[in-house]
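Shown here: model35.json, JSON, C-alpha atoms.
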```
[["chain", "number", "residue", "atom", "x", "y", "z"],
["K", 20, "PHE", "CA", 12.58, -31.01, -24.13],
["K", 21, "ILE", "CA", 13.71, -30.15, -27.71],
["K", 22, "ILE", "CA", 11.71, -28.09, -30.18],
["K", 23, "LYS", "CA", 12.82, -28.09, -33.81],
["K", 24, "GLU", "CA", 12.57, -25.01, -35.98],
["K", 25, "SER", "CA", 10.27, -25.26, -39.00],
["K", 26, "LYS", "CA", 9.32, -22.95, -41.86],
["K", 27, "ASN", "CA", 6.23, -21.68, -40.03],
["K", 28, "GLN", "CA", 8.00, -20.91, -36.77],
["K", 29, "THR", "CA", 10.03, -17.93, -35.61],
["K", 30, "PRO", "CA", 12.88, -18.62, -33.11],
["K", 31, "VAL", "CA", 13.22, -16.57, -29.91],
["K", 32, "LEU", "CA", 15.88, -16.82, -27.19],
["K", 33, "TYR", "CA", 15.32, -17.92, -23.58],
["K", 34, "ASN", "CA", 18.27, -18.44, -21.25],
["K", 35, "GLN", "CA", 20.70, -18.68, -24.21],
["K", 36, "HIS", "CA", 18.72, -21.64, -25.64],
["K", 37, "PRO", "CA", 16.67, -21.37, -28.85],
["K", 38, "VAL", "CA", 12.95, -21.55, -28.12],
["K", 39, "VAL", "CA", 10.46, -21.23, -30.95],
["K", 40, "ARG", "CA", 7.19, -19.40, -31.16],
["K", 41, "PRO", "CA", 4.68, -20.59, -33.79],
["K", 42, "ALA", "CA", 3.73, -18.16, -36.56],
["K", 43, "ARG", "CA", 0.14, -18.21, -35.28],
["K", 44, "HIS", "CA", 1.36, -16.12, -32.33],
["K", 45, "THR", "CA", 2.27, -13.29, -34.68],
["K", 46, "MET", "CA", -1.25, -13.50, -36.15],
["K", 47, "GLU", "CA", -2.72, -13.38, -32.62],
["K", 48, "GLU", "CA", -0.56, -10.35, -31.84],
["K", 49, "ALA", "CA", -1.79, -8.60, -34.98],
["K", 50, "VAL", "CA", -5.43, -9.29, -34.06],
["K", 51, "ARG", "CA", -4.82, -8.20, -30.45],
["K", 52, "ARG", "CA", -3.10, -5.02, -31.65],
["K", 53, "ALA", "CA", -6.00, -4.23, -33.99],
["K", 54, "LEU", "CA", -8.59, -4.79, -31.24],
["K", 55, "ALA", "CA", -6.59, -2.65, -28.81],
["K", 56, "SER", "CA", -6.45, 0.17, -31.39],
["K", 57, "LEU", "CA", -10.20, -0.10, -31.97],
["K", 58, "GLY", "CA", -10.83, -0.07, -28.21],
["K", 59, "GLY", "CA", -8.71, 3.07, -27.85],
["K", 60, "VAL", "CA", -10.69, 4.85, -30.56],
["K", 61, "LEU", "CA", -13.98, 3.84, -28.94],
["K", 62, "ARG", "CA", -12.81, 5.09, -25.54],
["K", 63, "VAL", "CA", -11.76, 8.47, -26.95],
["K", 64, "SER", "CA", -15.07, 8.74, -28.80],
["K", 65, "GLY", "CA", -16.97, 7.85, -25.63],
["K", 66, "GLN", "CA", -15.11, 10.48, -23.61],
["K", 67, "SER", "CA", -15.84, 13.11, -26.26],
["K", 68, "LEU", "CA", -19.54, 12.23, -26.21],
["K", 69, "TYR", "CA", -19.55, 12.39, -22.42],
["K", 70, "ARG", "CA", -18.01, 15.88, -22.40],
["K", 71, "LEU", "CA", -20.46, 17.03, -25.07],
["K", 72, "GLY", "CA", -23.37, 15.69, -22.99],
["K", 73, "CYS", "CA", -22.10, 17.57, -19.89],
["K", 74, "LYS", "CA", -21.86, 20.83, -21.85],
["K", 75, "THR", "CA", -25.35, 20.32, -23.25],
["K", 76, "GLN", "CA", -26.79, 19.80, -19.75],
["K", 77, "GLY", "CA", -25.08, 22.96, -18.54],
["K", 78, "ALA", "CA", -25.45, 23.64, -14.81],
["K", 79, "LEU", "CA", -27.74, 20.60, -14.39],
["K", 80, "HIS", "CA", -25.04, 17.99, -15.01],
["K", 81, "SER", "CA", -23.42, 16.21, -12.06],
["K", 82, "PRO", "CA", -19.82, 15.19, -12.94],
["K", 83, "GLU", "CA", -18.60, 11.75, -11.90],
["K", 84, "THR", "CA", -15.14, 11.85, -10.34],
["K", 85, "LEU", "CA", -12.59, 9.04, -10.31],
["K", 86, "SER", "CA", -10.84, 8.53, -6.97],
["K", 87, "ARG", "CA", -7.08, 8.79, -7.52],
["K", 88, "HIS", "CA", -5.97, 7.95, -4.03],
["K", 89, "LYS", "CA", -2.46, 8.84, -2.88],
["K", 90, "ALA", "CA", -1.21, 7.36, 0.36],
["K", 91, "VAL", "CA", 1.15, 10.32, 0.99],
["K", 92, "LEU", "CA", -0.21, 13.74, 0.10],
["K", 93, "GLY", "CA", 1.07, 17.29, 0.48],
["K", 94, "LEU", "CA", -1.33, 19.84, 1.93],
["K", 95, "ASP", "CA", -1.73, 23.62, 1.71],
["K", 96, "ILE", "CA", -1.97, 24.64, 5.38],
["K", 97, "SER", "CA", -2.31, 28.40, 4.74],
["K", 98, "PRO", "CA", -6.08, 28.39, 5.56],
["K", 99, "PHE", "CA", -5.24, 27.12, 9.07],
["K", 100, "VAL", "CA", -2.38, 29.56, 9.81],
["K", 101, "GLU", "CA", -2.93, 33.09, 11.07],
["K", 102, "HIS", "CA", -1.46, 35.72, 8.75],
["K", 103, "LYS", "CA", -1.07, 39.45, 8.73],
["K", 104, "GLY", "CA", -1.92, 40.62, 5.26],
["K", 105, "PRO", "CA", -2.76, 38.45, 2.24],
["K", 106, "LYS", "CA", -2.42, 34.72, 2.65],
["K", 107, "LYS", "CA", 0.17, 32.87, 0.59],
["K", 108, "PRO", "CA", 0.08, 29.15, -0.18],
["K", 109, "MET", "CA", 2.04, 27.02, 2.32],
["K", 110, "LEU", "CA", 2.41, 23.53, 0.86],
["K", 111, "VAL", "CA", 3.68, 21.03, 3.44],
["K", 112, "GLN", "CA", 4.82, 17.53, 2.47],
["K", 113, "PRO", "CA", 4.92, 14.59, 4.90],
["K", 114, "LYS", "CA", 8.45, 13.58, 5.93],
["K", 115, "ILE", "CA", 8.87, 9.82, 5.71],
["K", 116, "GLY", "CA", 11.98, 8.05, 7.08],
["K", 117, "GLU", "CA", 13.76, 4.98, 5.71],
["K", 118, "ASP", "CA", 12.22, 1.48, 5.63],
["K", 119, "VAL", "CA", 8.74, 2.79, 6.48],
["K", 120, "PHE", "CA", 5.85, 0.63, 5.29],
["K", 121, "ILE", "CA", 2.78, 2.61, 4.22],
["K", 122, "ALA", "CA", -0.22, 0.58, 3.08],
["K", 123, "PRO", "CA", -1.57, 1.61, -0.34],
["K", 124, "ASN", "CA", -4.97, 2.64, 1.07],
["K", 125, "ALA", "CA", -3.60, 4.53, 4.09],
["K", 126, "ALA", "CA", -3.87, 8.35, 4.08],
["K", 127, "ILE", "CA", -1.02, 10.57, 5.31],
["K", 128, "SER", "CA", -1.36, 14.28, 4.63],
["K", 129, "GLY", "CA", 0.12, 17.59, 5.72],
["K", 130, "ASP", "CA", 2.77, 18.25, 8.37],
["K", 131, "VAL", "CA", 3.47, 14.64, 9.35],
["K", 132, "SER", "CA", 6.88, 13.23, 10.30],
["K", 133, "ILE", "CA", 7.39, 9.46, 10.51],
["K", 134, "ALA", "CA", 10.77, 8.09, 11.62],
["K", 135, "ASP", "CA", 12.60, 5.00, 10.31],
["K", 136, "LYS", "CA", 11.15, 1.47, 10.37],
["K", 137, "SER", "CA", 7.66, 2.53, 11.40],
["K", 138, "SER", "CA", 4.52, 1.22, 9.68],
["K", 139, "VAL", "CA", 1.14, 2.67, 8.77],
["K", 140, "TRP", "CA", -1.33, -0.11, 8.04],
["K", 141, "TYR", "CA", -4.39, -0.51, 5.84],
["K", 142, "GLY", "CA", -7.04, 2.18, 6.13],
["K", 143, "ALA", "CA", -5.16, 4.24, 8.73],
["K", 144, "SER", "CA", -5.43, 8.04, 8.50],
["K", 145, "ILE", "CA", -2.82, 10.53, 9.75],
["K", 146, "ARG", "CA", -3.69, 14.18, 9.15],
["K", 147, "GLY", "CA", -1.40, 17.06, 10.10],
["K", 148, "ASP", "CA", -3.33, 20.14, 9.03],
["K", 149, "LEU", "CA", -4.02, 22.30, 12.09],
["K", 150, "ASN", "CA", -0.78, 21.25, 13.82],
["K", 151, "PRO", "CA", 2.09, 18.79, 13.22],
["K", 152, "VAL", "CA", 2.08, 15.04, 13.86],
["K", 153, "TYR", "CA", 5.32, 13.34, 14.99],
["K", 154, "ILE", "CA", 5.71, 9.55, 14.98],
["K", 155, "GLY", "CA", 8.92, 7.92, 16.26],
["K", 156, "GLN", "CA", 10.97, 4.93, 15.13],
["K", 157, "SER", "CA", 9.63, 1.36, 14.92],
["K", 158, "THR", "CA", 6.07, 2.46, 15.78],
["K", 159, "ALA", "CA", 3.09, 0.62, 14.27],
["K", 160, "ILE", "CA", -0.12, 2.52, 13.43],
["K", 161, "LEU", "CA", -2.50, -0.37, 12.82],
["K", 162, "ASP", "CA", -5.47, -0.76, 10.49],
["K", 163, "ASN", "CA", -8.17, 1.96, 10.49],
["K", 164, "ALA", "CA", -6.47, 3.98, 13.25],
["K", 165, "VAL", "CA", -6.99, 7.76, 13.11],
["K", 166, "ILE", "CA", -4.27, 10.23, 14.15],
["K", 167, "HIS", "CA", -5.25, 13.91, 14.17],
["K", 168, "VAL", "CA", -4.46, 17.20, 15.92],
["K", 169, "ALA", "CA", -6.27, 20.22, 17.36],
["K", 170, "LYS", "CA", -5.66, 23.89, 16.72],
["K", 171, "TYR", "CA", -5.97, 25.14, 20.30],
["K", 172, "GLY", "CA", -6.34, 23.69, 23.76],
["K", 173, "ILE", "CA", -6.87, 25.32, 27.14],
["K", 174, "GLY", "CA", -5.17, 28.73, 27.22],
["K", 175, "ASN", "CA", -4.81, 28.76, 23.41],
["K", 176, "ALA", "CA", -1.94, 26.23, 23.63],
["K", 177, "ASN", "CA", -1.09, 24.43, 20.40],
["K", 178, "LEU", "CA", -1.99, 20.76, 20.43],
["K", 179, "PRO", "CA", 0.10, 18.66, 18.07],
["K", 180, "THR", "CA", 0.17, 14.87, 18.28],
["K", 181, "LYS", "CA", 3.40, 13.15, 19.35],
["K", 182, "ILE", "CA", 3.86, 9.39, 19.40],
["K", 183, "GLY", "CA", 7.23, 8.04, 20.57],
["K", 184, "ASN", "CA", 9.48, 5.16, 19.53],
["K", 185, "GLY", "CA", 8.41, 1.52, 19.66],
["K", 186, "CYS", "CA", 4.69, 2.18, 20.23],
["K", 187, "VAL", "CA", 1.75, 0.14, 18.95],
["K", 188, "VAL", "CA", -1.47, 2.04, 18.19],
["K", 189, "GLY", "CA", -4.20, -0.58, 17.94],
["K", 190, "LEU", "CA", -6.85, -1.33, 15.33],
["K", 191, "ALA", "CA", -9.49, 1.38, 14.85],
["K", 192, "SER", "CA", -8.12, 3.47, 17.72],
["K", 193, "ILE", "CA", -8.15, 7.30, 17.76],
["K", 194, "VAL", "CA", -5.34, 9.54, 18.97],
["K", 195, "HIS", "CA", -6.38, 13.19, 18.88],
["K", 196, "ALA", "CA", -3.98, 15.98, 19.86],
["K", 197, "ALA", "CA", -2.23, 13.86, 22.49],
["K", 198, "THR", "CA", 1.33, 12.95, 23.53],
["K", 199, "ILE", "CA", 2.37, 9.31, 23.85],
["K", 200, "GLU", "CA", 5.89, 8.59, 25.09],
["K", 201, "ASP", "CA", 8.15, 5.69, 24.02],
["K", 202, "GLU", "CA", 7.07, 2.03, 24.11],
["K", 203, "CYS", "CA", 3.38, 2.40, 24.91],
["K", 204, "LEU", "CA", 0.50, 0.17, 23.84],
["K", 205, "ILE", "CA", -2.82, 1.72, 22.79],
["K", 206, "GLY", "CA", -5.43, -1.04, 22.69],
["K", 207, "HIS", "CA", -7.83, -1.73, 19.83],
["K", 208, "GLY", "CA", -10.64, 0.80, 19.59],
["K", 209, "ALA", "CA", -9.24, 3.05, 22.32],
["K", 210, "VAL", "CA", -9.84, 6.81, 22.15],
["K", 211, "ILE", "CA", -7.12, 9.22, 23.34],
["K", 212, "LEU", "CA", -8.45, 12.79, 23.48],
["K", 213, "ASP", "CA", -7.02, 16.33, 23.48],
["K", 214, "GLY", "CA", -4.18, 17.15, 25.85],
["K", 215, "VAL", "CA", -3.70, 13.62, 27.17],
["K", 216, "HIS", "CA", -0.12, 12.72, 28.16],
["K", 217, "ILE", "CA", 0.75, 9.01, 28.34],
["K", 218, "SER", "CA", 4.10, 8.21, 29.95],
["K", 219, "LYS", "CA", 6.59, 5.52, 28.97],
["K", 220, "HIS", "CA", 5.64, 1.81, 29.15],
["K", 221, "ALA", "CA", 1.94, 2.53, 29.81],
["K", 222, "ILE", "CA", -0.87, 0.35, 28.44],
["K", 223, "ILE", "CA", -4.33, 1.65, 27.49],
["K", 224, "GLY", "CA", -6.89, -1.16, 27.35],
["K", 225, "SER", "CA", -9.03, -1.95, 24.32],
["K", 226, "GLY", "CA", -12.12, 0.25, 24.02],
["K", 227, "ALA", "CA", -10.93, 2.67, 26.71],
["K", 228, "MET", "CA", -11.66, 6.39, 26.43],
["K", 229, "VAL", "CA", -9.00, 8.62, 27.99],
["K", 230, "THR", "CA", -10.66, 11.98, 28.63],
["K", 231, "PRO", "CA", -9.00, 15.35, 27.80],
["K", 232, "ASN", "CA", -5.90, 16.48, 29.75],
["K", 233, "THR", "CA", -5.51, 13.17, 31.61],
["K", 234, "LYS", "CA", -1.98, 12.25, 32.75],
["K", 235, "VAL", "CA", -1.11, 8.55, 32.60],
["K", 236, "GLY", "CA", 1.98, 7.58, 34.60],
["K", 237, "GLU", "CA", 4.81, 5.18, 33.70],
["K", 238, "MET", "CA", 4.00, 1.46, 33.60],
["K", 239, "GLU", "CA", 0.30, 2.07, 34.36],
["K", 240, "LEU", "CA", -2.67, 0.13, 33.01],
["K", 241, "TRP", "CA", -5.79, 2.20, 32.30],
["K", 242, "GLU", "CA", -9.12, 0.73, 31.24],
["K", 243, "GLY", "CA", -12.79, 1.68, 30.95],
["K", 244, "SER", "CA", -14.84, 4.55, 29.59],
["K", 245, "PRO", "CA", -13.94, 6.99, 30.96],
["K", 246, "ALA", "CA", -10.59, 5.32, 31.53],
["K", 247, "LYS", "CA", -9.36, 4.86, 35.10],
["K", 248, "PHE", "CA", -6.09, 3.68, 36.61],
["K", 249, "VAL", "CA", -6.31, -0.08, 37.26],
["K", 250, "ARG", "CA", -2.83, -1.16, 38.42],
["K", 251, "LYS", "CA", 0.85, -1.11, 37.60],
["K", 252, "VAL", "CA", 2.05, -3.07, 34.58],
["K", 253, "THR", "CA", 4.49, -5.94, 35.16],
["K", 254, "ALA", "CA", 7.66, -6.53, 33.15],
["K", 255, "GLN", "CA", 6.19, -9.80, 31.85],
["K", 256, "GLU", "CA", 3.08, -7.98, 30.57],
["K", 257, "LEU", "CA", 5.23, -5.44, 28.77],
["K", 258, "ASP", "CA", 7.21, -8.19, 27.11],
["K", 259, "GLU", "CA", 4.17, -10.21, 26.00],
["K", 260, "ARG", "CA", 1.72, -7.43, 25.14],
["K", 261, "LEU", "CA", 4.06, -4.78, 23.74],
["K", 262, "PHE", "CA", 7.64, -5.77, 22.94],
["K", 263, "LYS", "CA", 6.79, -9.04, 21.16],
["K", 264, "VAL", "CA", 3.92, -7.41, 19.25],
["K", 265, "SER", "CA", 6.12, -4.47, 18.21],
["K", 266, "GLU", "CA", 8.82, -6.84, 16.95],
["K", 267, "LEU", "CA", 6.19, -8.89, 15.11],
["K", 268, "TYR", "CA", 4.92, -5.86, 13.19],
["K", 269, "LEU", "CA", 8.49, -4.85, 12.34],
["K", 270, "ASN", "CA", 8.98, -8.24, 10.69],
["K", 271, "ILE", "CA", 5.67, -8.63, 8.88],
["K", 272, "ALA", "CA", 5.82, -5.04, 7.57],
["K", 273, "VAL", "CA", 8.80, -6.12, 5.44],
["K", 274, "GLY", "CA", 6.73, -8.87, 3.80],
["K", 275, "HIS", "CA", 3.76, -6.57, 3.17],
["K", 276, "ALA", "CA", 6.04, -3.92, 1.67],
["K", 277, "GLU", "CA", 7.54, -6.46, -0.74],
["K", 278, "GLU", "CA", 4.13, -7.73, -1.84],
["K", 279, "ASN", "CA", 2.70, -4.25, -2.37],
["K", 280, "VAL", "CA", 5.41, -3.18, -4.82],
["K", 281, "LYS", "CA", 4.93, -6.19, -7.11],
["K", 282, "THR", "CA", 3.56, -5.59, -10.60],
["K", 283, "TRP", "CA", 0.43, -7.38, -11.73],
["K", 284, "GLN", "CA", 2.60, -9.54, -14.01],
["K", 285, "GLU", "CA", 4.63, -10.74, -11.02],
["K", 286, "ILE", "CA", 1.46, -11.50, -9.05],
["K", 287, "GLU", "CA", -0.07, -13.40, -11.95],
["K", 288, "GLY", "CA", 3.23, -15.28, -12.39],
["K", 289, "GLN", "CA", 3.09, -16.35, -8.74],
["K", 290, "LYS", "CA", -0.48, -17.57, -9.14],
["K", 291, "LEU", "CA", 0.45, -19.49, -12.29],
["K", 292, "ARG", "CA", 3.37, -21.24, -10.54],
["K", 293, "PHE", "CA", 1.14, -22.25, -7.61],
["K", 294, "LYS", "CA", -1.48, -23.60, -10.03],
["K", 295, "ILE", "CA", 1.05, -25.65, -12.02],
["K", 296, "ARG", "CA", 2.62, -27.08, -8.86],
["K", 297, "SER", "CA", -0.78, -28.13, -7.55],
["K", 298, "GLU", "CA", -1.56, -29.95, -10.82],
["K", 299, "ARG", "CA", 1.82, -31.66, -11.26],
["K", 300, "THR", "CA", 2.23, -33.91, -8.27],
["K", 301, "GLU", "CA", 5.25, -36.12, -7.62],
["K", 302, "ASP", "CA", 3.22, -39.16, -8.70],
["K", 303, "HIS", "CA", 2.33, -37.47, -11.99],
["K", 304, "ALA", "CA", 5.98, -36.49, -12.58],
["K", 305, "SER", "CA", 7.19, -40.06, -12.01],
["K", 306, "HIS", "CA", 4.65, -41.40, -14.53],
["K", 307, "VAL", "CA", 5.60, -38.96, -17.33],
["K", 308, "GLY", "CA", 9.33, -39.25, -16.63],
["K", 309, "THR", "CA", 9.97, -35.67, -15.49],
["K", 310, "LEU", "CA", 10.75, -36.40, -11.85],
["K", 311, "GLY", "CA", 13.46, -34.02, -10.67],
["K", 312, "LYS", "CA", 12.89, -31.63, -13.57],
["K", 313, "GLU", "CA", 9.53, -30.24, -12.49],
["K", 314, "GLU", "CA", 10.81, -26.93, -11.11],
["K", 315, "GLU", "CA", 12.77, -26.19, -14.28],
["K", 316, "MET", "CA", 9.75, -26.98, -16.47],
["K", 317, "ILE", "CA", 7.47, -24.86, -14.26],
["K", 318, "GLU", "CA", 9.86, -21.92, -14.50],
["K", 319, "ASN", "CA", 10.09, -22.33, -18.29],
["K", 320, "GLN", "CA", 6.31, -22.36, -18.67],
["K", 321, "ALA", "CA", 5.85, -19.40, -16.32],
["K", 322, "PHE", "CA", 8.62, -17.45, -18.08],
["K", 323, "LEU", "CA", 6.96, -17.89, -21.48],
["K", 324, "GLN", "CA", 3.63, -16.71, -20.06],
["K", 325, "GLU", "CA", 5.30, -13.67, -18.44],
["K", 326, "GLN", "CA", 6.89, -12.85, -21.80],
["K", 327, "GLU", "CA", 3.44, -12.95, -23.38],
["K", 328, "TRP", "CA", 2.07, -10.57, -20.71],
["K", 329, "GLU", "CA", 5.01, -8.24, -21.31],
["K", 330, "ARG", "CA", 4.26, -8.20, -25.06],
["K", 331, "GLN", "CA", 0.64, -7.37, -24.29],
["K", 332, "ARG", "CA", 1.74, -4.53, -21.99],
["K", 333, "LYS", "CA", 3.98, -3.03, -24.68],
["K", 334, "ILE", "CA", 1.17, -3.27, -27.22],
["K", 335, "GLY", "CA", -1.12, -1.46, -24.78],
["K", 336, "GLU", "CA", 1.42, 1.33, -24.24],
["K", 337, "GLU", "CA", 1.93, 1.70, -27.99],
["K", 338, "VAL", "CA", -1.81, 1.90, -28.63],
["K", 339, "LYS", "CA", -2.23, 4.35, -25.74],
["K", 340, "GLY", "CA", 0.38, 6.66, -27.30],
["K", 341, "LYS", "CA", -1.34, 6.51, -30.67],
["K", 342, "THR", "CA", -4.72, 7.18, -29.04],
["K", 343, "LYS", "CA", -3.37, 10.31, -27.30],
["K", 344, "LYS", "CA", -2.04, 11.61, -30.64],
["K", 345, "LEU", "CA", -5.40, 10.92, -32.25],
["K", 346, "HIS", "CA", -7.18, 12.72, -29.43],
["K", 347, "ARG", "CA", -4.97, 15.80, -29.90]]
```

Could you rewrite the structure in this file as C-alpha cells?
Amino acid sequence: FIIKESKNQTPVLYNQHPVVRPARHTMEEAVRRALASLGGVLRVSGQSLYRLGCKTQGALHSPETLSRHKAVLGLDISPFVEHKGPKKPMLVQPKIGEDVFIAPNAAISGDVSIADKSSVWYGASIRGDLNPVYIGQSTAILDNAVIHVAKYGIGNANLPTKIGNGCVVGLASIVHAATIEDECLIGHGAVILDGVHISKHAIIGSGAMVTPNTKVGEMELWEGSPAKFVRKVTAQELDERLFKVSELYLNIAVGHAEENVKTWQEIEGQKLRFKIRSERTEDHASHVGTLGKEEEMIENQAFLQEQEWERQRKIGEEVKGKTKKLHR
C-alpha cells in the first residue's frame, strides 16, 4: 500500500520506506504526556499523605508492605553458624550454573549450588540456610517442591541435601536433609526425610513417605507411607518413567525460559499477531486482493503498534524521572 505525505502529516521511517504518521498522533502524545505528568504528581502527593498519616498514627499504624519477590536471593547465614566471639555477617549467594531455568516465582536462597541445564519450576522452594544444598546437572525440581536441610542429625552429624545428576523431583514433593544419587525419580507428593540415602536408578512412588535414615538400594521401587521396598525396577520402567521424563523437562525448560524473559511489549505483540491472523482468513484475503501479502501486512501493522508502545514507555520513563526530581 502507498501513503502520500500531506501538510498535516509527519513522515517516519520503517524498513527504509517512508511511512507517515498523522499530526493527530502528536496531539495524542501531548495529551498522554500531560496526563502521565499529572498522574505522577498525584502519586507523589498520595505517598506523602500516606507517610504523614503513618507518622500521625504513631505506634498504632500497621505498614503495608509490597512483595518484591526475587527468585534467587543471598542469605546471611551467621545466625546459624557457631562462632567464638562476636558474630560477623556471612552473606552466601546461590551458585547457578549455565542454561539453568528458574521460574520467576520459585525461591532459591542461601548456600545452594545448581549445576548446568537443571530446572527449578513454578513455586518450588530451595533453602540452604542451616546447611548447603547441592543439585546436579540436568535435574528437574518440579512445581511446588520443597528442598531444605537440617542442622544436626544423629551424633550431631551435619545434614545437607544432595541431589545428583539427571534426577526428577516430582510435583509438591519434599526432600529434607537427604541424599539422592544420580538418575532417581521422586514421585509427586513424596516426602524424603532426614538422613535418607537413595541410591542410583531408584524410584520413590507418588505420595510415599521415606522415614529418617532409610537406605534405598539401586534400581529399587519403594511405595507407601511409611515407604517399603516393593520390587526391583526394570530397565523399561527406568526408560519410560525417568529417562524420557528427564529429557522432556530439559526440552520444555528452554521454551519456558524464552517466554519468561520476554518484555510485555513482545507479549502484547504476539497477542496482536494472533488476533489479526484469526480475523484475516484466506477467504477474506482473496476477496480484498491481499492474498499472499497477509504476513507482510500483519508484520507492518504489529510493528507500528509496537512502535507506539515504545513511545509510551519512553514517555513513562521521562515522566518518572521528572517526578523523582519533583519529589526531591

Long-range neighbours of Trp140 of chain K as number ranges by chain, 9 Å cut-off, only C-alpha atoms, 2 positions minimum in chain: K: 120-125, 138, 142-143, 159-164, 272

Distance query segment 245-253 of chain K at most 9 Å, only C-alpha atoms, self and fewer than 4 positions along chain excluded, as a PyMOL selection string: chain K and resi 220-224+227-230+235+237-241+257-258

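A straight line drawn from atom CA of Trp283 of chain K to atom CA of Arg332 of chain K is 10.7 Å long.
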
Atomic distance atom CA of Gly214 of chain K - atom CA of Ser244 of chain K, expressed in Å with one decimal: 16.9 Å

Interatomic distance (Å, one decimal) between atom CA of Glu256 of chain K and atom CA of Ser225 of chain K: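 Separation of atom CA of Glu256 of chain K and atom CA of Ser225 of chain K: 14.9 Å.
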
Residues of segment 222-320 of chain K that have any atom at most 10 Å from an atom of segment 195-198 of chain K: could you tabulate them with the shortest-distance atom pair and the distance in Å to one decimal, using all atoms listed in the file, ordered by chain and increasing number, as a tab-separated table?
```
residue	atom	partner	partner_atom	distance
K:Pro231	CA	K:Ala197	CA	8.7
K:Asn232	CA	K:Ala197	CA	8.5
K:Thr233	CA	K:Ala197	CA	9.7
K:Lys234	CA	K:Thr198	CA	9.8
```

Given the point (2.3, -26.7, -9.1) in the file's coordinates, find the residues that have an atom at most 12 Å from it, counting only C-alpha atoms, and give them as a PDB file with C-alpha atoms, in the frame of the given file.
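Result file follows (out-v7.pdb):
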```
ATOM      1  CA  GLY K 288       3.230 -15.280 -12.390  1.00  0.00           C
ATOM      2  CA  GLN K 289       3.090 -16.350  -8.740  1.00  0.00           C
ATOM      3  CA  LYS K 290      -0.480 -17.570  -9.140  1.00  0.00           C
ATOM      4  CA  LEU K 291       0.450 -19.490 -12.290  1.00  0.00           C
ATOM      5  CA  ARG K 292       3.370 -21.240 -10.540  1.00  0.00           C
ATOM      6  CA  PHE K 293       1.140 -22.250  -7.610  1.00  0.00           C
ATOM      7  CA  LYS K 294      -1.480 -23.600 -10.030  1.00  0.00           C
ATOM      8  CA  ILE K 295       1.050 -25.650 -12.020  1.00  0.00           C
ATOM      9  CA  ARG K 296       2.620 -27.080  -8.860  1.00  0.00           C
ATOM     10  CA  SER K 297      -0.780 -28.130  -7.550  1.00  0.00           C
ATOM     11  CA  GLU K 298      -1.560 -29.950 -10.820  1.00  0.00           C
ATOM     12  CA  ARG K 299       1.820 -31.660 -11.260  1.00  0.00           C
ATOM     13  CA  THR K 300       2.230 -33.910  -8.270  1.00  0.00           C
ATOM     14  CA  GLU K 301       5.250 -36.120  -7.620  1.00  0.00           C
ATOM     15  CA  HIS K 303       2.330 -37.470 -11.990  1.00  0.00           C
ATOM     16  CA  ALA K 304       5.980 -36.490 -12.580  1.00  0.00           C
ATOM     17  CA  GLU K 313       9.530 -30.240 -12.490  1.00  0.00           C
ATOM     18  CA  GLU K 314      10.810 -26.930 -11.110  1.00  0.00           C
ATOM     19  CA  GLU K 315      12.770 -26.190 -14.280  1.00  0.00           C
ATOM     20  CA  MET K 316       9.750 -26.980 -16.470  1.00  0.00           C
ATOM     21  CA  ILE K 317       7.470 -24.860 -14.260  1.00  0.00           C
ATOM     22  CA  GLU K 318       9.860 -21.920 -14.500  1.00  0.00           C
ATOM     23  CA  GLN K 320       6.310 -22.360 -18.670  1.00  0.00           C
ATOM     24  CA  ALA K 321       5.850 -19.400 -16.320  1.00  0.00           C
TER      25      ALA K 321
END
```

Selection near Arg330 of chain K, 12 Å with only C-alpha atoms, sequence-local residues under 3 positions removed, as a ChimeraX atom specification: /K:44-45,47-49,51-52,284,323-327,333-337

Counting all atoms listed in the file, the residue of K:Val139, K:Ala134, K:Val111, K:Leu212 that sits nearest His167 of chain K: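 Of the candidates, the smallest distance to His167 of chain K is held by K:Leu212.
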
From K:Arg260, K:Lys219, K:Lys74, K:Arg146, residue lying nearest Ala90 of chain K [all atoms listed in the file]: K:Arg146

Near-Phe99 of chain K list (10 Å; all atoms listed in the file; drop same-chain fewer than 6 positions) as an MDAnalysis selection string: chainID K and resid 109 148:150 170

Residue nearest His207 of chain K - candidates K:Gly226, K:Pro105, K:Gly72, K:Gly129, atoms counted: all atoms listed in the file: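 Under the stated criterion, the closest residue is K:Gly226.
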